[in-house]
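Note sheet for the following structure.
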Amino acid sequence: MTAAVVVLGASSEAGAAGAVATYKSWPMHRGGPELLGVAPGRLPASLKLLWKFKTEDPITSSAAIVGGRVYVGSHNGKIYALNFSNGGRMWEFETEGPVESSPLVLGGKVYVGSSDGFLYALDAATGKLAWKFETEDKVLGAPNWMKSPDRKGTWIVFGSYDYRLYAVDAETGKQVWNYESENYINGSAAVSDGKTVFGGCDALLHVIALKDGSQLKEIDAEAYIAGSAAVTGGNVYVGHYENVFLCFNIEKGEIVWRYDESRFPYYASPAVTENRIIVGGRDKRVHCLDRATGKLVWKFSTRGKVDSSPVVVDDKVVVGSEDGRVYLISEKDGKELWNYEIGEAITASPAVADRTVVIGSEDGTVYAFGPK
């Protein structure tokens, strides 16, 4: 298998700062390397539409918000930078395939995959191509990042449908290592404690050493994993295609608990708080579980499949549904606080920063909701 990189420029900013959610930024899918889906800051209990931006095709990419800009991909093959205040277009960059990958904004660059098989690194200010890295199939999952073992540089970690997980240098796009799994890698790889963890269509959880891409552990997940796992405190939290949500302990390589009260698959990634796990299911519900035991705390019903991955902020849960609505739910008891009917399915996940929710819809539009 071949992997090629085309370098068109360089930026000394790459790797200068990490990408982790703050009150004013949401720099990557699920907010940070562990993919926990938790946003700092506050959010009012009722929101209003602030602006919307129309693209030509559906949006399943989840937005990133950094430096007063929103970065998002569309099935029309384009990556957009929008003004966070009013939704005005700042720049756009066109790839050769639909962009389902969620952008990672780090060190002055935007890293994003495309169905054309490339990972792109773009200048965050101008959209100019810095480099692109070629895989042998589409790149749908969002890239993640880590500091290099010598702490002098930054590596970008991402998977491809060519069955491989790659680590490339953030500055140059040159491959550091790759690890081959046994099937498609659809979601993002979580990064935690010197390890990266991902699942895929081979029904396995792969635990990989970040320093060299060597396998540390392979755990039987019992079924296909379509979404991204969240990893924290030595445990992995993930749902799979055979209707079960699982907590694994990495060190023991064992299942800690399993929640199997749904008869439908999980495609969404979970949000993980100090005490709870919140995840959407194809049973049209949002499930809230006790983090320690996996016992059900509450369920919230929508009118469509919930492939959108929820974000928890300020004791509230933000999530989209294929019923065409964005919901705000109380984390405490699962009661609905607010909803907005867009009308077309929402499978993208929300981005939350500065009391504002940004989310795309399959109607091809990016929506921003904020305080009334």
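The way I read the labels, and the way they are meant: chains A, B, ... in the order of the structure tokens, residue 1 as the first residue of every chain, and ligand 1 as the first ligand shown, with later ones counted on from there.
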
Practice task
Considering only C-alpha atoms, return as a list of chain:residue names whatever protein or nucleic-acid residues lie within 8 Å of segment 275-286 of chain A, sequence-local ones (same chain, fewer than 3 positions apart) excluded.
Solution key: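 Using only C-alpha atoms, the neighbours found are A:Ser262, A:Arg263, A:Phe264, A:Pro265, A:Tyr266, A:Tyr267, A:Ala268, A:Ser269, A:Pro270, A:Ala271, A:Val272, A:Leu289, A:Asp290, A:Arg291, A:Ala292, A:Lys299, A:Phe300, A:Ser301, A:Thr302, A:Arg303, A:Gly304, A:Lys305, A:Val306, A:Asp307, A:Ser308, A:Ser309, A:Pro310, A:Ser321.
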
Can you write just those residues out, N, CA and C atoms, as a compact mmCIF listing (two decimals), in the first residue's frame?
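File selection.txt, as written:
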# COMPACT_ATOMS: atom_id res chain seq x y z
N SER A 262 -31.42 -1.48 24.59
CA SER A 262 -31.92 -1.00 23.31
C SER A 262 -31.90 -2.15 22.31
N ARG A 263 -32.82 -2.13 21.36
CA ARG A 263 -32.83 -3.15 20.31
C ARG A 263 -32.37 -2.57 18.98
N PHE A 264 -31.66 -1.45 19.05
CA PHE A 264 -31.19 -0.78 17.85
C PHE A 264 -29.72 -0.39 18.01
N PRO A 265 -28.99 -0.24 16.91
CA PRO A 265 -27.55 0.05 16.98
C PRO A 265 -27.23 1.45 17.49
N TYR A 266 -25.96 1.60 17.88
CA TYR A 266 -25.40 2.91 18.25
C TYR A 266 -24.42 3.34 17.16
N TYR A 267 -24.70 4.48 16.56
CA TYR A 267 -23.78 5.10 15.61
C TYR A 267 -23.14 6.35 16.20
N ALA A 268 -23.77 6.94 17.21
CA ALA A 268 -23.27 8.16 17.83
C ALA A 268 -22.13 7.84 18.80
N SER A 269 -21.33 8.86 19.07
CA SER A 269 -20.28 8.77 20.08
C SER A 269 -20.81 9.33 21.39
N PRO A 270 -20.33 8.82 22.53
CA PRO A 270 -20.88 9.26 23.81
C PRO A 270 -20.25 10.56 24.32
N ALA A 271 -21.00 11.26 25.15
CA ALA A 271 -20.45 12.33 25.99
C ALA A 271 -20.19 11.74 27.37
N VAL A 272 -19.04 12.05 27.93
CA VAL A 272 -18.63 11.46 29.22
C VAL A 272 -18.37 12.57 30.22
N LEU A 289 -26.58 7.16 31.20
CA LEU A 289 -26.19 6.02 32.03
C LEU A 289 -25.29 6.47 33.17
N ASP A 290 -25.34 5.73 34.24
CA ASP A 290 -24.39 5.94 35.34
C ASP A 290 -23.01 5.48 34.89
N ARG A 291 -22.04 6.38 35.00
CA ARG A 291 -20.70 6.05 34.47
C ARG A 291 -20.05 4.87 35.18
N ALA A 292 -20.29 4.71 36.46
CA ALA A 292 -19.64 3.65 37.23
C ALA A 292 -20.26 2.28 36.98
N LYS A 299 -34.01 8.31 29.92
CA LYS A 299 -34.07 8.25 28.45
C LYS A 299 -34.88 9.43 27.96
N PHE A 300 -34.47 9.98 26.83
CA PHE A 300 -35.21 11.06 26.19
C PHE A 300 -35.59 10.63 24.79
N SER A 301 -36.86 10.74 24.45
CA SER A 301 -37.35 10.26 23.16
C SER A 301 -37.42 11.39 22.13
N THR A 302 -36.91 11.11 20.92
CA THR A 302 -37.10 11.99 19.78
C THR A 302 -37.99 11.26 18.77
N ARG A 303 -38.17 11.84 17.60
CA ARG A 303 -39.01 11.19 16.59
C ARG A 303 -38.18 10.60 15.45
N GLY A 304 -36.86 10.52 15.66
CA GLY A 304 -35.99 9.97 14.62
C GLY A 304 -34.73 9.38 15.22
N LYS A 305 -33.97 8.68 14.42
CA LYS A 305 -32.70 8.10 14.88
C LYS A 305 -31.78 9.21 15.38
N VAL A 306 -30.99 8.89 16.40
CA VAL A 306 -30.05 9.87 16.96
C VAL A 306 -28.62 9.39 16.67
N ASP A 307 -28.14 9.75 15.48
CA ASP A 307 -26.75 9.48 15.11
C ASP A 307 -25.85 10.66 15.45
N SER A 308 -26.45 11.79 15.76
CA SER A 308 -25.72 12.97 16.22
C SER A 308 -25.15 12.67 17.60
N SER A 309 -23.88 13.03 17.81
CA SER A 309 -23.23 12.77 19.11
C SER A 309 -23.47 13.94 20.05
N PRO A 310 -24.04 13.70 21.23
CA PRO A 310 -24.40 14.80 22.13
C PRO A 310 -23.19 15.49 22.73
N SER A 321 -31.28 15.24 15.89
CA SER A 321 -31.97 13.99 15.60
C SER A 321 -32.34 13.95 14.13

Practice task
Can you pull out every residue within 8 Å of Val317 of chain A, counting only C-alpha atoms, but drop anything in the same chain fewer than 3 positions away, and send it as a PyMOL selection string?
Solution key: chain A and resi 310-313+327-331

Residues just named, written with C-alpha atoms as a short mmCIF file (atom, residue, chain, number, x, y, z; two decimals), in the first residue's frame:
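This is the output file out.cif:
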data_model
loop_
_atom_site.label_atom_id
_atom_site.label_comp_id
_atom_site.auth_asym_id
_atom_site.auth_seq_id
_atom_site.Cartn_x
_atom_site.Cartn_y
_atom_site.Cartn_z
CA PRO A 310 -24.40 14.80 22.13
CA VAL A 311 -22.40 17.54 23.79
CA VAL A 312 -22.77 18.34 27.49
CA VAL A 313 -22.39 21.96 28.60
CA TYR A 327 -32.69 19.55 21.26
CA LEU A 328 -31.55 21.02 24.55
CA ILE A 329 -32.12 18.56 27.41
CA SER A 330 -31.54 18.79 31.16
CA GLU A 331 -28.61 16.56 32.10
#

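Pairwise distance (atom CA of Gly141 of chain A, atom CA of Val197 of chain A) equals 13.3 Å.
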
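In this model, the gap between atom CA of Lys372 of chain A and atom CA of Lys48 of chain A comes to 5.5 Å.
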
Exercise for the section: Find the residues near Val70 of chain A: any atom within 12 Å, counting only C-alpha atoms, skip ones fewer than 3 places away on the same chain, and give them as number ranges by chain. Expected result: A: 24-28, 52-53, 61-67, 73, 79-92, 102-105, 110, 124-125, 350-353, 356-360, 366-368

Would you put the residues from that selection into a file with C-alpha atoms, as a short mmCIF file (atom, residue, chain, number, x, y, z; two decimals), in the first residue's frame?
data_model
loop_
_atom_site.label_atom_id
_atom_site.label_comp_id
_atom_site.auth_asym_id
_atom_site.auth_seq_id
_atom_site.Cartn_x
_atom_site.Cartn_y
_atom_site.Cartn_z
CA LYS A 24 -14.62 30.46 23.43
CA SER A 25 -13.43 27.58 21.25
CA TRP A 26 -14.37 24.08 20.07
CA PRO A 27 -11.29 23.13 18.05
CA MET A 28 -12.05 19.51 17.14
CA LYS A 52 -27.45 30.20 8.89
CA PHE A 53 -25.16 29.46 5.96
CA SER A 61 -19.29 17.10 9.29
CA SER A 62 -19.29 18.56 12.79
CA ALA A 63 -17.97 22.10 13.01
CA ALA A 64 -14.87 23.43 14.74
CA ILE A 65 -14.86 26.93 16.27
CA VAL A 66 -11.56 28.78 16.76
CA GLY A 67 -10.49 32.43 16.62
CA GLY A 73 -17.12 20.39 5.60
CA ILE A 79 -14.38 22.96 3.45
CA TYR A 80 -15.67 26.33 4.63
CA ALA A 81 -14.43 28.99 7.03
CA LEU A 82 -17.32 31.15 8.27
CA ASN A 83 -17.50 34.22 10.46
CA PHE A 84 -18.60 33.01 13.90
CA SER A 85 -20.52 36.25 14.53
CA ASN A 86 -22.70 36.34 11.43
CA GLY A 87 -22.08 33.22 9.32
CA GLY A 88 -20.43 35.12 6.48
CA ARG A 89 -18.10 33.09 4.27
CA MET A 90 -14.40 33.84 4.87
CA TRP A 91 -12.98 31.25 2.48
CA GLU A 92 -13.67 27.86 0.96
CA SER A 102 -14.88 17.03 11.13
CA PRO A 103 -12.04 19.58 11.07
CA LEU A 104 -9.24 19.80 13.63
CA VAL A 105 -7.90 23.34 14.13
CA VAL A 110 -7.08 23.19 9.68
CA ALA A 124 -6.62 28.54 9.00
CA ALA A 125 -6.54 32.22 8.04
CA PRO A 350 -23.00 20.08 17.70
CA ALA A 351 -20.08 22.38 18.38
CA VAL A 352 -20.47 24.64 21.42
CA ALA A 353 -18.48 27.79 22.25
CA THR A 356 -23.46 29.40 20.99
CA VAL A 357 -24.35 26.07 19.34
CA VAL A 358 -23.26 25.48 15.73
CA ILE A 359 -24.60 22.45 13.86
CA GLY A 360 -25.07 21.34 10.26
CA VAL A 366 -25.02 25.37 8.94
CA TYR A 367 -27.08 26.84 11.81
CA ALA A 368 -25.94 28.90 14.80
#

Practice task
Considering only C-alpha atoms, state which residue in the set A:Asn144, A:Ser46, A:Thr154, A:Ser115 is at the smallest distance from Ser74 of chain A.
Solution key: A:Ser115

Exercise for the section: Just the residues within 10 Å of Lys252 of chain A, please, counting only C-alpha atoms, with nothing from its chain fewer than 5 positions along; format it as a ChimeraX atom specification. Expected result: /A:217,219,234-235

Just-selected residues, N, CA and C atoms written as a tab-separated table (two decimals), in the first residue's frame:
chain	number	residue	atom	x	y	z
A	217	LYS	N	-2.87	-3.75	22.68
A	217	LYS	CA	-3.96	-4.64	23.04
A	217	LYS	C	-5.00	-4.67	21.92
A	219	ILE	N	-9.05	-5.84	21.76
A	219	ILE	CA	-10.16	-6.26	22.61
A	219	ILE	C	-11.37	-6.57	21.73
A	234	GLY	N	-8.51	5.38	32.07
A	234	GLY	CA	-8.18	3.99	31.78
A	234	GLY	C	-9.33	3.16	31.24
A	235	ASN	N	-10.50	3.79	31.03
A	235	ASN	CA	-11.66	3.08	30.49
A	235	ASN	C	-12.05	3.62	29.12

Exercise for the section: Counting only C-alpha atoms, figure out which residue out of A:Ala348, A:Leu204, A:Val99, A:Leu129 gets nearest to Lys78 of chain A. Expected result: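 Closest candidate: A:Val99.
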
Contacts between segment 148-152 of chain A and segment 208-234 of chain A, please, where a residue of segment 208-234 of chain A counts if it comes within 12 Å (with only C-alpha atoms); show its shortest atom pair and distance in Å to one decimal, rows by chain and ascending number, as JSON lines.
{"residue": "A:Ala209", "atom": "CA", "partner": "A:Pro149", "partner_atom": "CA", "distance": 10.9}
{"residue": "A:Leu210", "atom": "CA", "partner": "A:Pro149", "partner_atom": "CA", "distance": 8.3}
{"residue": "A:Lys211", "atom": "CA", "partner": "A:Pro149", "partner_atom": "CA", "distance": 6.0}
{"residue": "A:Asp212", "atom": "CA", "partner": "A:Pro149", "partner_atom": "CA", "distance": 9.3}

How about saving the chosen residues, C-alpha atoms kept, as a PDB file, in the first residue's frame?
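Final output, saved to result10.pdb:
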ATOM      1  CA  ALA A 209       1.162   2.968  21.460  1.00  0.00           C
ATOM      2  CA  LEU A 210       1.358   6.516  20.162  1.00  0.00           C
ATOM      3  CA  LYS A 211       5.150   6.625  20.196  1.00  0.00           C
ATOM      4  CA  ASP A 212       5.584   4.036  17.440  1.00  0.00           C
TER       5      ASP A 212
END

Practice task
May I ask which of the residues A:Trp177, A:Tyr259, A:Val38, A:Gly97 is the closest one to Glu242 of chain A, counting only C-alpha atoms?
Solution key: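 Closest to Glu242 of chain A of all the choices is A:Tyr259.
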